[in-house]
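J.: Take a look at coords_20.txt, compact mmCIF, C-alpha atoms:
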# COMPACT_ATOMS: atom_id res chain seq x y z
CA MET A 1 0.00 0.00 0.00
CA ALA A 2 2.85 2.35 0.69
CA ALA A 3 4.19 1.78 -2.74
CA PHE A 4 0.83 2.64 -4.28
CA ASN A 5 0.48 5.75 -2.14
CA GLN A 6 3.95 6.97 -3.00
CA ALA A 7 3.58 6.54 -6.80
CA PRO A 8 1.42 9.64 -7.43
CA THR A 9 3.72 11.78 -5.29
CA PHE A 10 6.74 10.61 -7.24
CA MET A 11 5.09 11.28 -10.60
CA ARG A 12 3.95 14.75 -9.54
CA SER A 13 7.37 15.71 -8.24
CA LYS A 14 9.08 14.51 -11.43
CA ALA A 15 6.62 16.30 -13.67
CA SER A 16 6.98 19.55 -11.71
CA SER A 17 10.73 19.39 -11.89
CA THR A 18 10.91 18.78 -15.67
CA SER A 19 7.98 20.89 -16.86
CA PRO A 20 8.77 24.42 -18.13
CA PHE A 21 5.34 25.67 -17.02
CA PRO A 22 4.51 26.99 -13.57
CA SER A 23 2.92 24.75 -11.01
CA SER A 24 -0.46 26.42 -11.42
CA SER A 25 -0.51 25.57 -15.07
CA HIS A 26 0.46 22.05 -14.29
CA LYS A 27 -2.42 21.69 -11.87
CA TYR A 28 -4.84 23.07 -14.46
CA ILE A 29 -3.74 20.62 -17.10
CA THR A 30 -3.93 17.77 -14.67
CA LYS A 31 -7.40 18.79 -13.63
CA ALA A 32 -8.53 19.11 -17.27
CA ALA A 33 -7.21 15.66 -18.04
CA ILE A 34 -8.95 14.17 -15.03
CA ASN A 35 -12.28 15.88 -15.74
CA PHE A 36 -12.34 15.06 -19.50
CA PRO A 37 -15.91 14.05 -20.39
CA LYS A 38 -16.54 10.38 -20.90
CA ILE A 39 -18.25 9.09 -24.03
CA LYS A 40 -20.80 6.38 -23.54
CA THR A 41 -20.51 3.60 -26.10
CA ASN A 42 -23.06 1.23 -24.72
CA ASN A 43 -25.52 1.65 -27.62
CA ILE A 44 -23.01 2.23 -30.41
CA SER A 45 -21.93 -0.69 -32.57
CA ILE A 46 -18.89 0.01 -34.74
CA ARG A 47 -18.14 -2.56 -37.45
CA PRO A 48 -15.19 -2.42 -39.81
CA PRO A 49 -16.13 -2.04 -43.49
CA LYS A 50 -16.22 -5.22 -45.51
CA ILE A 51 -13.47 -5.51 -48.09
CA PRO A 52 -14.42 -7.38 -51.25
CA SER A 53 -12.61 -10.66 -51.40
CA ASN A 54 -11.69 -10.24 -55.05
CA ILE A 55 -9.61 -7.07 -54.52
CA ALA A 56 -6.66 -9.09 -53.29
CA LEU A 57 -6.69 -11.09 -56.52
CA VAL A 58 -6.69 -8.11 -58.89
CA GLU A 59 -2.95 -8.06 -59.46
CA GLU A 60 -2.69 -11.81 -60.01
CA THR A 61 -5.66 -11.84 -62.37
CA ASP A 62 -4.44 -8.84 -64.36
CA ILE A 63 -1.08 -10.48 -65.07
CA PHE A 64 -2.66 -13.35 -66.98
CA SER A 65 -5.77 -11.62 -68.31
CA ARG A 66 -4.07 -11.14 -71.66
CA PHE A 67 -3.66 -14.85 -72.24
CA ILE A 68 -6.14 -16.73 -70.02
CA PRO A 69 -9.94 -16.23 -70.21
CA LYS A 70 -11.59 -14.83 -67.09
CA ASN A 71 -12.82 -18.14 -65.72
CA PRO A 72 -12.71 -19.02 -62.03
CA THR A 73 -11.78 -22.62 -62.87
CA SER A 74 -8.86 -21.74 -65.15
CA SER A 75 -5.57 -20.24 -64.09
CA PRO A 76 -1.98 -20.56 -65.29
CA ARG A 77 -1.28 -23.05 -62.49
CA ASN A 78 -4.10 -25.33 -63.67
CA VAL A 79 -3.06 -25.42 -67.35
CA SER A 80 -2.37 -29.03 -68.24
CA GLY A 81 -0.26 -30.40 -71.02
CA ASP A 82 3.32 -30.58 -72.23
CA PRO A 83 5.18 -27.47 -70.96
CA GLN A 84 7.18 -27.22 -74.19
CA VAL A 85 4.02 -27.25 -76.29
CA ILE A 86 2.41 -24.59 -74.11
CA GLU A 87 5.56 -22.48 -74.33
CA LYS A 88 5.49 -22.70 -78.13
CA LEU A 89 1.85 -21.65 -78.21
CA TYR A 90 2.63 -18.65 -76.02
CA LEU A 91 5.47 -17.68 -78.35
CA ILE A 92 3.16 -17.88 -81.34
CA MET A 93 0.55 -15.85 -79.48
CA GLU A 94 3.09 -13.13 -78.72
CA ALA A 95 4.04 -12.96 -82.41
CA VAL A 96 0.36 -12.77 -83.36
CA SER A 97 -0.23 -9.95 -80.87
CA ASP A 98 2.72 -8.03 -82.33
CA ARG A 99 1.33 -8.51 -85.84
CA VAL A 100 -2.03 -7.15 -84.73
CA GLU A 101 -0.41 -3.90 -83.63
CA MET A 102 1.64 -3.69 -86.82
CA HIS A 103 -1.36 -4.12 -89.09
CA LYS A 104 -3.38 -1.69 -87.02
CA ASN A 105 -0.74 1.04 -87.12
CA ILE A 106 0.08 0.58 -90.80
CA GLY A 107 -3.63 0.53 -91.66
CA GLU A 108 -4.12 3.90 -89.97
CA GLN A 109 -1.09 5.25 -91.81
CA ARG A 110 -2.38 4.13 -95.20
CA ASN A 111 -5.81 5.51 -94.48
CA ASN A 112 -4.09 8.86 -93.84
CA TRP A 113 -2.32 8.48 -97.17
CA ASN A 114 -5.65 8.25 -98.91
CA SER A 115 -7.08 11.43 -97.39
CA LEU A 116 -3.87 13.48 -97.59
CA LEU A 117 -2.99 12.51 -101.16
CA LEU A 118 -6.54 13.11 -102.35
CA THR A 119 -6.62 16.58 -100.79
CA SER A 120 -3.18 17.48 -102.14
CA ILE A 121 -3.85 16.25 -105.69
CA ASN A 122 -7.21 17.98 -105.93
CA THR A 123 -5.70 21.21 -104.62
CA ILE A 124 -2.88 21.09 -107.17
CA THR A 125 -5.27 20.23 -110.00
CA LEU A 126 -7.72 23.01 -109.25
CA SER A 127 -4.88 25.51 -108.84
CA ALA A 128 -3.53 24.53 -112.25
CA ALA A 129 -6.96 24.91 -113.79
CA THR A 130 -7.33 28.35 -112.18
CA MET A 131 -3.98 29.47 -113.58
CA ALA A 132 -4.97 28.20 -117.02
CA GLY A 133 -8.19 30.21 -116.79
CA ILE A 134 -6.32 33.36 -115.81
CA ALA A 135 -3.86 32.82 -118.64
CA ALA A 136 -6.72 32.40 -121.10
CA ALA A 137 -8.32 35.61 -119.87
CA ILE A 138 -5.21 37.72 -120.45
CA THR A 139 -4.37 36.41 -123.92
CA THR A 140 -5.97 39.55 -125.36
CA THR A 141 -3.70 41.77 -123.27
CA PRO A 142 -0.29 42.24 -124.85
CA GLY A 143 2.60 42.25 -122.41
CA ALA A 144 0.77 40.21 -119.75
CA PRO A 145 2.78 37.45 -117.98
CA LEU A 146 1.22 34.67 -120.06
CA GLU A 147 4.30 32.46 -120.22
CA VAL A 148 4.72 32.37 -116.45
CA LEU A 149 1.13 31.30 -115.91
CA LYS A 150 1.37 28.71 -118.68
CA LEU A 151 4.52 27.17 -117.26
CA SER A 152 3.14 27.16 -113.72
CA SER A 153 -0.12 25.53 -114.81
CA THR A 154 1.68 22.93 -116.92
CA PHE A 155 4.10 22.04 -114.13
CA MET A 156 1.28 21.63 -111.59
CA TYR A 157 -0.70 19.45 -113.98
CA LEU A 158 2.32 17.23 -114.55
CA ALA A 159 2.94 16.95 -110.80
CA ALA A 160 -0.71 16.05 -110.21
CA THR A 161 -0.54 13.44 -112.99
CA GLY A 162 2.53 11.77 -111.47
CA LEU A 163 1.10 11.69 -107.96
CA LEU A 164 -2.20 10.40 -109.25
CA VAL A 165 -0.56 7.55 -111.16
CA ILE A 166 1.22 6.44 -107.97
CA MET A 167 -1.94 6.76 -105.90
CA ASN A 168 -4.01 4.79 -108.39
CA LYS A 169 -1.34 2.11 -108.49
CA ILE A 170 -1.19 1.44 -104.76
CA GLN A 171 -4.86 2.24 -103.91
CA PRO A 172 -4.39 3.45 -100.28
CA SER A 173 -8.03 2.86 -99.32
CA GLN A 174 -7.75 -0.77 -100.42
CA LEU A 175 -4.47 -1.17 -98.54
CA ALA A 176 -6.09 0.17 -95.37
CA GLU A 177 -8.95 -2.33 -95.72
CA GLU A 178 -6.45 -5.16 -96.14
CA GLN A 179 -4.72 -4.22 -92.89
CA ARG A 180 -8.04 -3.97 -91.06
CA ASN A 181 -8.99 -7.47 -92.23
CA ALA A 182 -5.59 -8.83 -91.23
CA ALA A 183 -5.82 -7.30 -87.75
CA ARG A 184 -9.30 -8.78 -87.24
CA LEU A 185 -8.22 -12.27 -88.38
CA LEU A 186 -5.10 -12.20 -86.20
CA LYS A 187 -7.17 -11.22 -83.17
CA GLN A 188 -9.46 -14.15 -83.91
CA LEU A 189 -6.45 -16.48 -84.12
CA GLU A 190 -5.13 -15.13 -80.83
CA SER A 191 -8.45 -15.95 -79.17
CA GLU A 192 -8.33 -19.48 -80.60
CA ILE A 193 -4.88 -20.07 -79.13
CA GLN A 194 -6.03 -18.72 -75.75
CA THR A 195 -8.95 -21.14 -75.79
CA LYS A 196 -6.71 -24.13 -76.58
CA ILE A 197 -4.38 -23.24 -73.72
CA ALA A 198 -7.28 -22.72 -71.30
CA ILE A 199 -8.94 -26.03 -72.22
CA GLY A 200 -5.67 -27.84 -71.66
CA ASN A 201 -3.68 -30.67 -73.21
CA PRO A 202 -2.57 -28.88 -76.42
CA THR A 203 -0.47 -30.94 -78.82
CA LEU A 204 2.19 -30.33 -81.45
CA ARG A 205 -0.55 -30.54 -84.01
CA ASP A 206 -2.13 -27.42 -82.50
CA VAL A 207 1.25 -25.67 -82.69
CA ASN A 208 1.72 -26.57 -86.36
CA GLU A 209 -1.83 -25.53 -87.20
CA ALA A 210 -1.37 -22.15 -85.50
CA MET A 211 1.89 -21.61 -87.39
CA LYS A 212 0.20 -22.41 -90.71
CA LYS A 213 -2.62 -19.99 -89.98
CA VAL A 214 -0.22 -17.16 -89.14
CA LEU A 215 1.76 -17.68 -92.35
CA ALA A 216 -1.43 -17.95 -94.41
CA ILE A 217 -2.61 -14.57 -93.12
CA ASP A 218 0.82 -13.11 -93.88
CA ARG A 219 0.52 -14.30 -97.48
CA ALA A 220 -3.05 -13.10 -97.86
CA TYR A 221 -2.42 -9.60 -96.46
CA PRO A 222 1.26 -8.67 -96.87
CA LEU A 223 2.65 -5.61 -95.13
CA PRO A 224 5.32 -4.41 -97.64
CA LEU A 225 4.43 -2.55 -100.82
CA LEU A 226 7.40 -3.31 -103.06
CA GLY A 227 7.44 -6.82 -104.46
CA ALA A 228 4.75 -8.31 -102.20
CA MET A 229 1.78 -6.00 -102.69
CA LEU A 230 -1.42 -7.62 -103.91
CA GLU A 231 -2.50 -6.92 -107.47
CA LYS A 232 -4.96 -4.05 -107.28
CA PHE A 233 -6.42 -4.56 -110.77
CA PRO A 234 -6.65 -8.31 -111.41
CA ALA A 235 -8.26 -9.69 -114.55
CA LYS A 236 -11.05 -11.26 -112.49
CA THR A 237 -12.28 -11.03 -108.92
CA GLU A 238 -11.10 -13.98 -106.86
CA PRO A 239 -12.02 -14.68 -103.22
CA ALA A 240 -9.40 -13.78 -100.64
CA VAL A 241 -7.74 -16.84 -99.07
CA TRP A 242 -6.27 -16.44 -95.58
CA TRP A 243 -6.39 -20.02 -94.23
CA PRO A 244 -4.25 -23.13 -94.75
CA GLU A 245 -5.29 -25.65 -97.36
CA LYS A 246 -6.14 -28.41 -94.91
CA ARG A 247 -8.68 -27.60 -92.22
CA ARG A 248 -9.22 -30.80 -90.31
CA SER A 249 -9.73 -31.19 -86.58
CA SER A 250 -9.08 -34.17 -84.29
CA ALA A 251 -11.60 -33.20 -81.59
CA LYS A 252 -13.45 -36.16 -80.11
CA GLY A 253 -17.08 -36.25 -79.18
CA LYS A 254 -18.99 -37.96 -76.40
CA ASN A 255 -20.51 -40.66 -78.57
CA ASP A 256 -19.51 -42.91 -81.45
CA LYS A 257 -20.80 -40.49 -84.11
CA ASN A 258 -19.15 -37.45 -82.52
CA GLY A 259 -22.38 -35.47 -82.76
CA TRP A 260 -22.94 -36.26 -86.45
CA SER A 261 -25.96 -37.81 -88.09
CA VAL A 262 -27.20 -38.46 -91.61
CA GLU A 263 -29.60 -35.52 -91.34
CA LEU A 264 -26.85 -33.16 -90.20
CA GLU A 265 -24.57 -34.21 -93.06
CA GLU A 266 -27.35 -33.60 -95.59
CA GLU A 267 -28.07 -30.24 -93.99
CA MET A 268 -24.43 -29.19 -94.31
CA ARG A 269 -24.37 -30.23 -97.99
CA GLU A 270 -27.36 -28.02 -98.68
CA ILE A 271 -25.72 -25.12 -96.85
CA ILE A 272 -22.67 -25.50 -99.12
CA LYS A 273 -24.96 -25.33 -102.12
CA VAL A 274 -26.66 -22.16 -100.89
CA LEU A 275 -23.37 -20.43 -100.12
CA GLU A 276 -21.96 -21.36 -103.51
CA VAL A 277 -24.96 -20.39 -105.61
CA LYS A 278 -26.14 -17.28 -103.77
CA ASP A 279 -23.75 -15.67 -101.30
CA LYS A 280 -20.31 -16.17 -102.83
CA GLU A 281 -21.54 -15.69 -106.37
CA ASP A 282 -23.29 -12.45 -105.47
CA TYR A 283 -20.20 -10.94 -103.84
CA LEU A 284 -18.00 -11.99 -106.76
CA ARG A 285 -20.44 -10.28 -109.13
CA LEU A 286 -20.41 -7.09 -107.07
CA GLY A 287 -16.62 -7.30 -106.85
CA ASP A 288 -16.37 -7.44 -110.65
CA LYS A 289 -18.49 -4.30 -110.94
CA ALA A 290 -16.41 -2.44 -108.37
CA LEU A 291 -13.22 -3.58 -110.11
CA LYS A 292 -14.39 -2.32 -113.52
CA LEU A 293 -15.45 1.02 -112.05
CA ASN A 294 -12.13 1.40 -110.25
CA LYS A 295 -10.19 0.61 -113.43
CA ALA A 296 -12.13 3.20 -115.42
CA LEU A 297 -11.64 5.89 -112.80
CA ALA A 298 -7.95 5.06 -112.37
CA ILE A 299 -7.40 5.57 -116.11
CA ALA A 300 -9.62 8.64 -116.45
CA GLY A 301 -7.96 10.67 -113.67
CA PRO A 302 -4.38 10.82 -115.02
CA LEU A 303 -5.71 11.11 -118.59
CA LEU A 304 -7.68 14.25 -117.73
CA THR A 305 -4.80 15.88 -115.85
CA GLY A 306 -2.52 15.06 -118.78
CA LEU A 307 -4.93 16.70 -121.22
CA GLY A 308 -5.05 19.71 -118.91
CA ALA A 309 -1.26 19.95 -119.06
CA ILE A 310 -1.35 19.82 -122.88
CA GLY A 311 -4.06 22.49 -123.03
CA SER A 312 -2.24 24.86 -120.70
CA THR A 313 0.97 24.41 -122.71
CA PHE A 314 -0.61 25.56 -125.99
CA LEU A 315 -2.32 28.65 -124.62
CA SER A 316 -1.32 31.65 -126.77
CA TYR A 317 -2.39 35.08 -127.98
CA SER A 318 -3.92 33.50 -131.07
CA PRO A 319 -7.71 33.82 -131.34
CA HIS A 320 -7.89 30.16 -132.42
CA ASN A 321 -6.84 28.62 -129.11
CA SER A 322 -10.28 27.76 -127.79
CA TRP A 323 -9.48 24.02 -127.67
CA ALA A 324 -6.46 24.74 -125.47
CA VAL A 325 -8.60 26.78 -123.10
CA VAL A 326 -11.17 24.00 -122.86
CA LEU A 327 -8.53 21.35 -122.15
CA GLY A 328 -6.64 23.52 -119.67
CA ILE A 329 -9.71 24.40 -117.60
CA MET A 330 -12.17 21.56 -118.09
CA GLY A 331 -9.49 18.88 -117.79
CA GLY A 332 -8.59 19.99 -114.29
CA ALA A 333 -12.19 20.37 -113.15
CA MET A 334 -13.22 16.94 -114.42
CA ALA A 335 -10.09 15.30 -113.02
CA SER A 336 -10.94 16.62 -109.54
CA VAL A 337 -14.40 15.11 -109.77
CA VAL A 338 -13.05 11.74 -110.93
CA ASN A 339 -10.44 11.63 -108.16
CA THR A 340 -13.03 12.48 -105.53
CA VAL A 341 -15.32 9.68 -106.70
CA GLU A 342 -12.51 7.12 -106.84
CA HIS A 343 -10.56 7.88 -103.66
CA GLY A 344 -13.08 9.90 -101.69
CA GLY A 345 -15.65 7.18 -102.33
CA GLN A 346 -12.96 4.54 -101.59
CA VAL A 347 -13.88 2.31 -104.50
CA GLY A 348 -10.75 0.23 -103.89
CA MET A 349 -11.85 -0.42 -100.32
CA VAL A 350 -15.28 -1.51 -101.55
CA PHE A 351 -13.67 -3.97 -103.98
CA GLU A 352 -11.51 -5.42 -101.20
CA MET A 353 -14.55 -5.75 -98.94
CA TYR A 354 -16.43 -7.74 -101.60
CA ARG A 355 -13.37 -9.91 -102.22
CA SER A 356 -12.96 -10.65 -98.50
CA ASN A 357 -16.64 -11.49 -98.10
CA ALA A 358 -16.44 -13.93 -100.99
CA GLY A 359 -13.37 -15.44 -99.32
CA PHE A 360 -15.28 -15.85 -96.07
CA PHE A 361 -17.96 -17.94 -97.77
CA LYS A 362 -15.31 -19.96 -99.60
CA MET A 363 -13.64 -20.69 -96.26
CA MET A 364 -16.96 -21.90 -94.85
CA GLU A 365 -17.50 -24.15 -97.85
CA GLU A 366 -14.06 -25.71 -97.49
CA SER A 367 -14.50 -26.12 -93.75
CA ILE A 368 -17.82 -27.94 -94.13
CA ASP A 369 -16.55 -29.99 -97.06
CA SER A 370 -13.40 -31.12 -95.23
CA ASN A 371 -15.51 -32.39 -92.33
CA LEU A 372 -17.91 -34.22 -94.60
CA LYS A 373 -15.11 -35.89 -96.58
CA GLU A 374 -13.51 -37.24 -93.41
CA ARG A 375 -14.86 -40.80 -93.07
CA ASP A 376 -13.81 -41.19 -89.44
CA GLU A 377 -16.33 -39.23 -87.37
CA GLU A 378 -13.90 -39.08 -84.46
CA ARG A 379 -11.50 -36.99 -86.55
CA ARG A 380 -14.20 -34.45 -87.41
CA GLU A 381 -15.21 -31.48 -85.35
CA ASN A 382 -18.05 -32.26 -82.99
CA GLY A 383 -21.23 -32.18 -85.09
CA GLU A 384 -23.44 -30.29 -82.66
CA ALA A 385 -20.79 -27.68 -81.93
CA PHE A 386 -20.00 -27.37 -85.65
CA GLU A 387 -23.66 -26.73 -86.48
CA ILE A 388 -23.79 -23.97 -83.86
CA LYS A 389 -20.62 -22.41 -85.28
CA VAL A 390 -21.97 -22.42 -88.83
CA ALA A 391 -25.26 -20.90 -87.67
CA LEU A 392 -23.50 -18.10 -85.79
CA GLN A 393 -21.17 -17.36 -88.70
CA LEU A 394 -24.22 -16.94 -90.93
CA GLY A 395 -26.12 -14.87 -88.37
CA ARG A 396 -28.91 -17.43 -87.95
CA SER A 397 -30.42 -19.60 -85.27
CA LEU A 398 -30.33 -23.38 -85.53
CA SER A 399 -33.96 -23.56 -86.63
CA GLU A 400 -33.39 -20.91 -89.31
CA LEU A 401 -30.32 -22.75 -90.57
CA ARG A 402 -32.31 -25.97 -90.90
CA ASP A 403 -35.11 -24.13 -92.69
CA VAL A 404 -32.64 -22.73 -95.23
CA ALA A 405 -31.25 -26.21 -95.87
CA ALA A 406 -34.76 -27.66 -96.21
CA SER A 407 -35.90 -24.98 -98.66
CA SER A 408 -32.73 -25.46 -100.72
CA SER A 409 -33.32 -29.21 -101.02
CA LYS A 410 -36.89 -28.60 -102.25
CA LYS A 411 -36.13 -25.89 -104.82
CA GLY A 412 -32.91 -27.38 -106.19
CA LYS A 413 -30.98 -24.88 -108.25
CA ASP A 414 -33.62 -22.15 -108.04
CA ILE A 415 -32.54 -20.87 -104.64
CA GLU A 416 -34.00 -17.52 -103.66
CA GLU A 417 -32.84 -16.94 -100.08
CA PHE A 418 -29.26 -16.07 -99.17
CA GLY A 419 -27.50 -18.21 -96.62
CA SER A 420 -26.07 -15.34 -94.58
CA LYS A 421 -28.08 -12.73 -92.72
CA LEU A 422 -24.97 -11.19 -91.16
CA PHE A 423 -23.73 -9.37 -94.28
Written as C-alpha cells, that's how I'd like the structure from this file.
T.:
Amino acid sequence: MAAFNQAPTFMRSKASSTSPFPSSSHKYITKAAINFPKIKTNNISIRPPKIPSNIALVEETDIFSRFIPKNPTSSPRNVSGDPQVIEKLYLIMEAVSDRVEMHKNIGEQRNNWNSLLLTSINTITLSAATMAGIAAAITTTPGAPLEVLKLSSTFMYLAATGLLVIMNKIQPSQLAEEQRNAARLLKQLESEIQTKIAIGNPTLRDVNEAMKKVLAIDRAYPLPLLGAMLEKFPAKTEPAVWWPEKRRSSAKGKNDKNGWSVELEEEMREIIKVLEVKDKEDYLRLGDKALKLNKALAIAGPLLTGLGAIGSTFLSYSPHNSWAVVLGIMGGAMASVVNTVEHGGQVGMVFEMYRSNAGFFKMMEESIDSNLKERDEERRENGEAFEIKVALQLGRSLSELRDVAASSSKKGKDIEEFGSKLF
C-alpha cells in the first residue's frame, strides 16, 4: 500500500521538476485531463467495413488476363499439357499480338495516305486549272505574264498526274482495308490459341496448325508494298484466301458419331450449295463491278490531268486557241471530280470488302466440305458444336439454318434466299 500511495507523489514531483510551465498551469492541465468528459458507447456498434474478397486477386488476375480467359476454374497453375508445347503456343501468341499492332498502325497510316494525297492532288489540279483560266483571260492583253502562268499551270498538272498515277497504283483505301482485315483475323487467331491453352492438353498438331494460320494470313495480307503488294487490278475477282489448305480437326465427341448424323450431313451439304450459288456468287459479281469502275476511274484521272497539261501548254495570244482553253480548264475540273469519286468514295476499299466477303464464304465451304469428306467421325469437329458455329457465322439460329437447308433441297438450283443474314 505504501508503494501505491507513493507513486502519485513521485510522478507529480518529477513532472513539476521537468515541466517548463509553472505549477499552477500544471495543476490546471492535470485537472482538465482528469475531468475530460466520458463518451458512452453502450448503444453504439462500430463494425469495420467489408473488403471485397476479389480485390486481393486483382494483381494476379491482371497479369494473366491477356492470355487466359476470365474463368474461375482456369488459371496458369491449372493449365495441363506438355510445358514445351504450351511455351510454343505462347510464343506464337506473342508474335500474333505483335502482328495485330503492326497491321493496325500501318492501316491507320495508309488511311491517312488516302485522305492526304486526295486533298493534295485535288488542290494542285484546281490551282492549275485556275492558272490556265487566268492565262486564257489575259491572252488579249499584250505584255501580260502569259508564259509564267502557262509554265506554272503545266508544271502543276504534270505533278498532279505523277502523284495520281502512284496513288491509283497502290490504292491506299484498299491497302487500309487489307490491314483492317488482317488485324481482325489475327485477333481471332489469338483468341483461338487462348482457348486451346485454357482447355488444356494442347499438342504439337495445335502448334503446327497455328503456325500455318499465321503464315497464311501473312501471305493473304502482306505488309510491304514493293514486291509483295497484292494486285490491285486483277483480270477477275477472286475470293481472298487467308487459311491453310487443310482444315481438319481431331476433336473427339462424347458418342460414337461425334455429334454427327445423316440428317446433319445432308443439312451441311445443302448449306454448301446455298453459299456457292447465292452468297459467294453475289459478292463476286459485285466485286467485278467495283473492279471495272475502279479501273475506269484510275485511267480517267491521269488522262484528264494530262490533257489539262497539254491544253495549258498551248495557250497563246492566237484567237484560235479555244481548244487549249477547254482542255486547260475543263481537264482539271473533271479530273478533280473523278479523283473524288474514286478515292473519296474509296472504290478500292469496296472492292476489297467484296473480295474478302467472298473469301469468307469460300472458307466456310471448305471447312464444311473437309468435315464431310472425313470418313472417321472421331477426326471431325463435334457435329453439334460445328452446327452452332456455322449458324453463328451466318447470323442465324439453328432452326433458321435448318429451314434454309430444307428450302434449298426442295427448290434445287432455283434458290432464292441467301445463306447469310450477317452481311
J.: Between A:Trp323, A:Tyr354, A:Phe314, A:Trp260, single out the one closest to Glu281 of chain A, counting all atoms listed in the file.
T.: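 Selected residue with least distance to Glu281 of chain A: A:Tyr354.
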J.: Between segment 120-178 of chain A and segment 340-352 of chain A, at 10 Å or less, what are the per-residue closest atom pairs and their distances in Å? Count all atoms listed in the file, order by chain and rising residue number, and return it as a tab-separated table.
T.:
residue	atom	partner	partner_atom	distance
A:Ile121	CA	A:Thr340	CA	9.9
A:Asn122	CA	A:Thr340	CA	8.0
A:Met167	CA	A:His343	CA	9.0
A:Asn168	CA	A:His343	CA	8.7
A:Ile170	CA	A:Gly348	CA	9.7
A:Gln171	CA	A:Gly348	CA	6.2
A:Pro172	CA	A:Gly348	CA	8.0
A:Ser173	CA	A:Met349	CA	5.1
A:Gln174	CA	A:Met349	CA	4.1
A:Leu175	CA	A:Met349	CA	7.6
A:Ala176	CA	A:Met349	CA	7.6
A:Glu177	CA	A:Met349	CA	5.8
A:Glu178	CA	A:Glu352	CA	7.2
J.: What's the 9 Å shell around segment 95-112 of chain A, counting all atoms listed in the file, without same-chain residues fewer than 4 positions away, as a list in words?
T.: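 The residues that qualify are Tyr90, Leu91, Leu116, Leu117, Pro172, Ser173, Gln174, Leu175, Ala176, Glu177, Glu178, Gln179, Arg180, Asn181, Ala182, Ala183, Arg184, Leu185, Leu186, Lys187, Leu189, Glu190, Val214 and Leu223 of chain A.
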J.: Find the distance between atom CA of Ala129 of chain A and atom CA of Ser322 of chain A and write it in Å to one decimal.
T.: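 So the answer is 14.7 Å.
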J.: Quick one: pull the distance between atom CA of Gln393 of chain A and atom CA of Gln188 of chain A, Å, one decimal.
T.: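 Computing it gives 13.1 Å between the two atoms.
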J.: Using all atoms listed in the file and a cutoff of 9 Å, can you tell me which residues are near (-21.1, -12.0, -102.6) in the file's coordinates, and write them out as a list in words?
T.: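 Using all atoms listed in the file, the matching residues come out as Lys278, Asp279, Lys280, Glu281, Asp282, Tyr283, Leu284, Arg285, Leu286, Gly287, Tyr354, Arg355, Asn357, Ala358 and Phe361 of chain A.
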J.: Expressed in Å to a single decimal, how great is the separation between atom CA of Leu422 of chain A and atom CA of Gly395 of chain A?
T.: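 Atom-to-atom, atom CA of Leu422 of chain A and atom CA of Gly395 of chain A are spaced 4.8 Å apart.
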J.: Please list as a PyMOL selection string every residue within 10 Å of Val85 of chain A, counting only C-alpha atoms and excluding residues in the same chain fewer than 2 positions away.
T.: chain A and resi 81-83+87-91+197+201-207
J.: Emit the selected residues as a short mmCIF file (atom, residue, chain, number, x, y, z; two decimals), in the coordinates of the input, including C-alpha atoms.
T.:
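Listed below is the output, result-v3.cif:
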data_model
loop_
_atom_site.label_atom_id
_atom_site.label_comp_id
_atom_site.auth_asym_id
_atom_site.auth_seq_id
_atom_site.Cartn_x
_atom_site.Cartn_y
_atom_site.Cartn_z
CA GLY A 81 -0.26 -30.40 -71.02
CA ASP A 82 3.32 -30.58 -72.23
CA PRO A 83 5.18 -27.47 -70.96
CA GLU A 87 5.56 -22.48 -74.33
CA LYS A 88 5.49 -22.70 -78.13
CA LEU A 89 1.85 -21.65 -78.21
CA TYR A 90 2.63 -18.65 -76.02
CA LEU A 91 5.47 -17.68 -78.35
CA ILE A 197 -4.38 -23.24 -73.72
CA ASN A 201 -3.68 -30.67 -73.21
CA PRO A 202 -2.57 -28.88 -76.42
CA THR A 203 -0.47 -30.94 -78.82
CA LEU A 204 2.19 -30.33 -81.45
CA ARG A 205 -0.55 -30.54 -84.01
CA ASP A 206 -2.13 -27.42 -82.50
CA VAL A 207 1.25 -25.67 -82.69
#
J.: Please supply segment 202-211 of chain A, rebuilt with N, CA and C atoms, as an mmCIF file, keeping the file's coordinate frame.
T.:
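File part-v7.cif, as written:
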data_model
loop_
_atom_site.group_PDB
_atom_site.id
_atom_site.type_symbol
_atom_site.label_atom_id
_atom_site.label_comp_id
_atom_site.auth_asym_id
_atom_site.auth_seq_id
_atom_site.Cartn_x
_atom_site.Cartn_y
_atom_site.Cartn_z
ATOM 1 N N PRO A 202 -2.869 -29.160 -75.001
ATOM 2 C CA PRO A 202 -2.570 -28.880 -76.420
ATOM 3 C C PRO A 202 -1.466 -29.803 -76.916
ATOM 4 N N THR A 203 -1.426 -30.036 -78.215
ATOM 5 C CA THR A 203 -0.470 -30.940 -78.820
ATOM 6 C C THR A 203 0.369 -30.202 -79.857
ATOM 7 N N LEU A 204 1.370 -30.905 -80.383
ATOM 8 C CA LEU A 204 2.190 -30.330 -81.450
ATOM 9 C C LEU A 204 1.374 -30.056 -82.698
ATOM 10 N N ARG A 205 0.309 -30.791 -82.866
ATOM 11 C CA ARG A 205 -0.550 -30.540 -84.010
ATOM 12 C C ARG A 205 -1.199 -29.155 -83.902
ATOM 13 N N ASP A 206 -1.576 -28.763 -82.699
ATOM 14 C CA ASP A 206 -2.130 -27.420 -82.500
ATOM 15 C C ASP A 206 -1.078 -26.349 -82.790
ATOM 16 N N VAL A 207 0.170 -26.619 -82.410
ATOM 17 C CA VAL A 207 1.250 -25.670 -82.690
ATOM 18 C C VAL A 207 1.449 -25.510 -84.189
ATOM 19 N N ASN A 208 1.515 -26.635 -84.902
ATOM 20 C CA ASN A 208 1.720 -26.570 -86.360
ATOM 21 C C ASN A 208 0.543 -25.893 -87.063
ATOM 22 N N GLU A 209 -0.659 -26.159 -86.590
ATOM 23 C CA GLU A 209 -1.830 -25.530 -87.200
ATOM 24 C C GLU A 209 -1.830 -24.022 -86.981
ATOM 25 N N ALA A 210 -1.438 -23.594 -85.774
ATOM 26 C CA ALA A 210 -1.370 -22.150 -85.500
ATOM 27 C C ALA A 210 -0.301 -21.488 -86.371
ATOM 28 N N MET A 211 0.836 -22.153 -86.534
ATOM 29 C CA MET A 211 1.890 -21.610 -87.390
ATOM 30 C C MET A 211 1.406 -21.452 -88.830
#
